[in-house]
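K.L.:
Submitted below is the structure of interest, expressed as structure tokens.
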Amino acid sequence: MDSEKMKAATVSSEPQEQFHFPVMAKEVVEYLDLPEGAVMVDATVGLGGHSEQILKEYPSISKLIGMDVDQAAISLAKGRLSASAEKVETVNRNFIHIKNTVNSMGIEYVDGIVADLGISSFQLERSGKGFSFKKNELLDMRMDAGLQFSAYDLVNEMKGEELEYIISKYGEEKFSRRIANSIVKSRAKKPIQTSFELASIISNSIPKKFHPKKTHPATKTFQALRISINNELDNLAIFIEEAVKILNTGARLVIISFHSLEDRIVKNMFRKLDSPCVCPPDLPICACGRAQQVRRVTRSVVRPRKSELVENPRARSSKMRVAEGV
Ligand SMILES: C[S@@+](CC[C@H](N)C(=O)[O-])C[C@H]1O[C@@H](n2cnc3c(N)ncnc32)[C@H](O)[C@@H]1O
């Protein structure tokens with residue numbers, strides 16, 4: 001199939017709202033606990049699901065800034081949030097620039113920030129970018145079309161050892177060496193172009209008896225490639241550092257993650273940023289350098305309610321953590 005036909009086959013005109021239920025929306029609204037006239041940032045506006053809910057539950061919001069690296073997501077969110085267009089400002093930018101973005105609007109501090117990490121169901125099922133092993137699409141996986149390297153580049157050009165490292169580190173896949181070797185062998189015959197080709201190479205390189213029972217054998221490798229291409233873990237750490245700098249006192253930062261690698265970063269950074277100064281009280285200025293930047297609102301992770309999992313199985317791996325400005 002040529003690339004244009006393949007795209008046409010995967011992007012439909014059905015309303016996109018049906019394809020993304022915002023995860024833990026009730027909890028996001030509750031934990032944000034916004035004051036009257038709040039200014040807030042949805043750092044991953046996606047299809048506008050969380051933003052829509054937040055605008056509905058807090059009608060006094062004065063401004064909601066919706067960021068996303070994916071231009072297609074921004075367009076869809078704009079449409080979904082058009083009823084509140086006068087309050088919503090969408091920005092097609094990586095959330096690592098959250099502080100600059102907010103400050104460039106003349107705003108120093110905000111009253112709440114939410115980030116719902118990873119990819120949306122639209123990106124997975126309808127973007128035509130090869131995120132899913134269930135759709136036969138050209139390998140791309142860039143959320144930000146401006147990124148230099150696509151999944152095609154990684155899979156066809158990266159050294160075998162580097163591929164093995166990425167699959168092991170970001171996919172926590174124990175067959176990473178076998179998978180990387182099979183990819184290298186296969187691409188020597190002809191370039192690996194589609195998600196189906198890649199999924200089949202991965203499946204065939206894991207012995208049948210070790211195929212996972214509940215998930216596709218390519219799940220972890222696809223996750224690893226996506227994380228690496230989009231620099232997701234480094235971006236998350238930078239985002240948290242920048243986001244806490246613009247939190248008003250008591251303003252909440254709510255983060256929903258979807259795998260343990262992300263959750264570990266959120267947990268560790270919140271803990272570090274919540275460590276108070278340990279200098280003796282009579283010391284005129286802090287010498288320990290451990291200025292507390294946030295207070296953890298949730299000590300343990302918040303998981304979706306059972307009733308949500310029935311409606312939206314995609315929520316099953318989600319974990320939420322909340323911290324607030326001091
Ligand atoms: C799970 S979806 C968000 C869905 C949204 N909360 C909703 O309810 O519709 C994650 C979104 O984050 C975006 N994203 C991922 N990494 C990003 C980054 N570094 N900066 C900004 N947006 C990012 C993706 O493009 C995607 O649209």
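Just remember, in the structure tokens the first chain shown is A, the second B, etc., residues are 1-based per chain, and ligands are 1-based in the order shown.
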With only C-alpha atoms as the counted atoms, please give the residues lying no more than 7 Å from region 227-244 of chain A, apart from itself and same-chain residues fewer than 6 positions off, as a list in words.
P.N.:
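Within the cut-off, the hits are Phe95, Ile96, Ile98, Lys99, Arg142, Met143, Phe149, Ser150, Ala151, Tyr170, Glu262, Ile265, Gln293 and Gly325 of chain A.
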K.L.:
Throw together the list of residues within 7 Å of ligand 1, counting only C-alpha atoms and all ligand atoms, and drop it here as a ChimeraX atom specification.
P.N.:
/A:20-23,43-51,67-70,73,93-96,116-120,143,232,235-236
K.L.:
I'd like the interatomic distance between CA of Ile113 (chain A) and CA of Asp33 (chain A), to a tenth of an Å.
P.N.:
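Between CA of Ile113 (chain A) and CA of Asp33 (chain A) the gap is 10.9 Å.
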K.L.:
Tyr58 (chain A): which residues within 9 Å, counting only C-alpha atoms, same-chain residues fewer than 2 positions away excluded, as a PyMOL selection string?
P.N.:
chain A and resi 29+34-38+53-56+60-61
K.L.:
Hey, could you make a per-residue contact list for region 183-287 of chain A against region 303-314 of chain A with 12 Å as the cut-off, showing the nearest pair of atoms and its distance in Å to one decimal, counting only C-alpha atoms, sorted by chain and number, as a Markdown table?
P.N.:
| residue | atom | partner | partner_atom | distance |
| --- | --- | --- | --- | --- |
| A:Ile255 | CA | A:Arg303 | CA | 11.9 |
| A:Ile256 | CA | A:Arg303 | CA | 9.5 |
| A:Ser257 | CA | A:Arg303 | CA | 10.4 |
| A:Phe258 | CA | A:Arg314 | CA | 9.5 |
| A:Asp263 | CA | A:Arg303 | CA | 11.9 |
K.L.:
Could you save those same residues with C-alpha atoms as an mmCIF file, in the first residue's frame?
P.N.:
data_model
loop_
_atom_site.group_PDB
_atom_site.id
_atom_site.type_symbol
_atom_site.label_atom_id
_atom_site.label_comp_id
_atom_site.auth_asym_id
_atom_site.auth_seq_id
_atom_site.Cartn_x
_atom_site.Cartn_y
_atom_site.Cartn_z
ATOM 1 C CA ILE A 255 -0.003 14.314 36.813
ATOM 2 C CA ILE A 256 -1.465 11.128 35.343
ATOM 3 C CA SER A 257 1.053 8.575 34.101
ATOM 4 C CA PHE A 258 0.609 5.273 32.325
ATOM 5 C CA ASP A 263 5.371 7.179 37.658
#
K.L.:
How would you write, as a PDB file with N, CA and C atoms, in the first residue's frame, the set of residues in region 125-314 of chain A that DSSP gives as strand (DSSP E)?
P.N.:
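So the final result, stored in result.pdb, reads:
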ATOM      1  N   LEU A 247       3.796  27.661  40.017  1.00  0.00           N
ATOM      2  CA  LEU A 247       2.616  27.334  40.835  1.00  0.00           C
ATOM      3  C   LEU A 247       2.411  28.399  41.910  1.00  0.00           C
ATOM      4  N   ASN A 248       1.232  28.967  41.959  1.00  0.00           N
ATOM      5  CA  ASN A 248       0.872  29.822  43.091  1.00  0.00           C
ATOM      6  C   ASN A 248       0.917  29.000  44.374  1.00  0.00           C
ATOM      7  N   THR A 249       1.001  29.633  45.530  1.00  0.00           N
ATOM      8  CA  THR A 249       0.929  28.895  46.790  1.00  0.00           C
ATOM      9  C   THR A 249      -0.421  28.160  46.842  1.00  0.00           C
ATOM     10  N   GLY A 250      -0.358  26.876  47.077  1.00  0.00           N
ATOM     11  CA  GLY A 250      -1.588  26.085  47.165  1.00  0.00           C
ATOM     12  C   GLY A 250      -2.119  25.615  45.813  1.00  0.00           C
ATOM     13  N   ALA A 251      -1.505  26.078  44.705  1.00  0.00           N
ATOM     14  CA  ALA A 251      -1.969  25.634  43.376  1.00  0.00           C
ATOM     15  C   ALA A 251      -1.486  24.208  43.130  1.00  0.00           C
ATOM     16  N   ARG A 252      -2.358  23.412  42.551  1.00  0.00           N
ATOM     17  CA  ARG A 252      -2.059  21.975  42.419  1.00  0.00           C
ATOM     18  C   ARG A 252      -1.473  21.616  41.044  1.00  0.00           C
ATOM     19  N   LEU A 253      -0.515  20.693  41.089  1.00  0.00           N
ATOM     20  CA  LEU A 253       0.028  20.079  39.865  1.00  0.00           C
ATOM     21  C   LEU A 253      -0.429  18.622  39.881  1.00  0.00           C
ATOM     22  N   VAL A 254      -1.287  18.268  38.912  1.00  0.00           N
ATOM     23  CA  VAL A 254      -1.868  16.922  38.857  1.00  0.00           C
ATOM     24  C   VAL A 254      -1.262  16.190  37.660  1.00  0.00           C
ATOM     25  N   ILE A 255      -0.636  15.044  37.925  1.00  0.00           N
ATOM     26  CA  ILE A 255      -0.003  14.314  36.813  1.00  0.00           C
ATOM     27  C   ILE A 255      -0.542  12.883  36.751  1.00  0.00           C
ATOM     28  N   ILE A 256      -0.999  12.509  35.560  1.00  0.00           N
ATOM     29  CA  ILE A 256      -1.465  11.128  35.343  1.00  0.00           C
ATOM     30  C   ILE A 256      -0.443  10.442  34.440  1.00  0.00           C
ATOM     31  N   SER A 257       0.077   9.312  34.910  1.00  0.00           N
ATOM     32  CA  SER A 257       1.053   8.575  34.101  1.00  0.00           C
ATOM     33  C   SER A 257       0.495   7.194  33.766  1.00  0.00           C
ATOM     34  N   VAL A 294       7.494  22.110  46.716  1.00  0.00           N
ATOM     35  CA  VAL A 294       6.085  21.686  46.699  1.00  0.00           C
ATOM     36  C   VAL A 294       5.761  20.933  47.987  1.00  0.00           C
ATOM     37  N   ARG A 295       4.465  20.763  48.219  1.00  0.00           N
ATOM     38  CA  ARG A 295       4.013  19.865  49.285  1.00  0.00           C
ATOM     39  C   ARG A 295       3.238  18.753  48.586  1.00  0.00           C
ATOM     40  N   ARG A 296       3.566  17.512  48.920  1.00  0.00           N
ATOM     41  CA  ARG A 296       2.831  16.413  48.281  1.00  0.00           C
ATOM     42  C   ARG A 296       1.423  16.322  48.857  1.00  0.00           C
TER      43      ARG A 296
END
K.L.:
Pick the closest to Met24 (chain A) from A:Phe133, A:Arg187, A:Val326, A:Ser317: which is it, counting only C-alpha atoms?
P.N.:
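Smallest separation from Met24 (chain A) among the options: A:Ser317.
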K.L.:
Which residues of region 110-131 of chain A sit at most 12 Å from region 75-86 of chain A, using only C-alpha atoms? Give each one's shortest atom pair and distance in Å (one decimal place), in chain and ascending residue order, as JSON lines.
P.N.:
{"residue": "A:Ser120", "atom": "CA", "partner": "A:Leu76", "partner_atom": "CA", "distance": 11.7}
{"residue": "A:Phe122", "atom": "CA", "partner": "A:Leu76", "partner_atom": "CA", "distance": 9.8}
{"residue": "A:Gln123", "atom": "CA", "partner": "A:Leu76", "partner_atom": "CA", "distance": 11.5}
{"residue": "A:Ser127", "atom": "CA", "partner": "A:Leu76", "partner_atom": "CA", "distance": 11.8}
K.L.:
Would you kindly return, as a ChimeraX atom specification, each protein, DNA or RNA residue with an atom no farther than 8 Å from any atom of Lys135 (chain A), considering only C-alpha atoms and excluding same-chain residues fewer than 3 positions away?
P.N.:
/A:10,125,130,132,195-196
K.L.:
What does the file look like for those residues with C-alpha atoms, as a short mmCIF file (atom, residue, chain, number, x, y, z; two decimals), in the first residue's frame?
P.N.:
data_model
loop_
_atom_site.label_atom_id
_atom_site.label_comp_id
_atom_site.auth_asym_id
_atom_site.auth_seq_id
_atom_site.Cartn_x
_atom_site.Cartn_y
_atom_site.Cartn_z
CA THR A 10 -6.71 5.08 8.79
CA GLU A 125 -6.02 4.68 16.50
CA GLY A 130 2.14 3.75 13.26
CA SER A 132 -0.23 0.78 17.19
CA SER A 195 3.84 -1.33 12.02
CA PHE A 196 2.62 -4.79 10.91
#
K.L.:
Pick from A:Ser203, A:Gln193, A:Asn268, A:Ser176: nearest to Ala224 (chain A), with only C-alpha atoms counted?
P.N.:
A:Ser176
K.L.:
Hey, which of A:Ser205, A:Ser186, A:Ser104, A:Gln148 ends up closest to Ala218 (chain A)? Count only C-alpha atoms.
P.N.:
A:Ser205
K.L.:
Pick out the closest residue to Glu324 (chain A) from this set: A:Val297, A:Leu273, A:Leu261, A:Leu154. Count only C-alpha atoms.
P.N.:
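The closest residue to Glu324 (chain A) is A:Val297.
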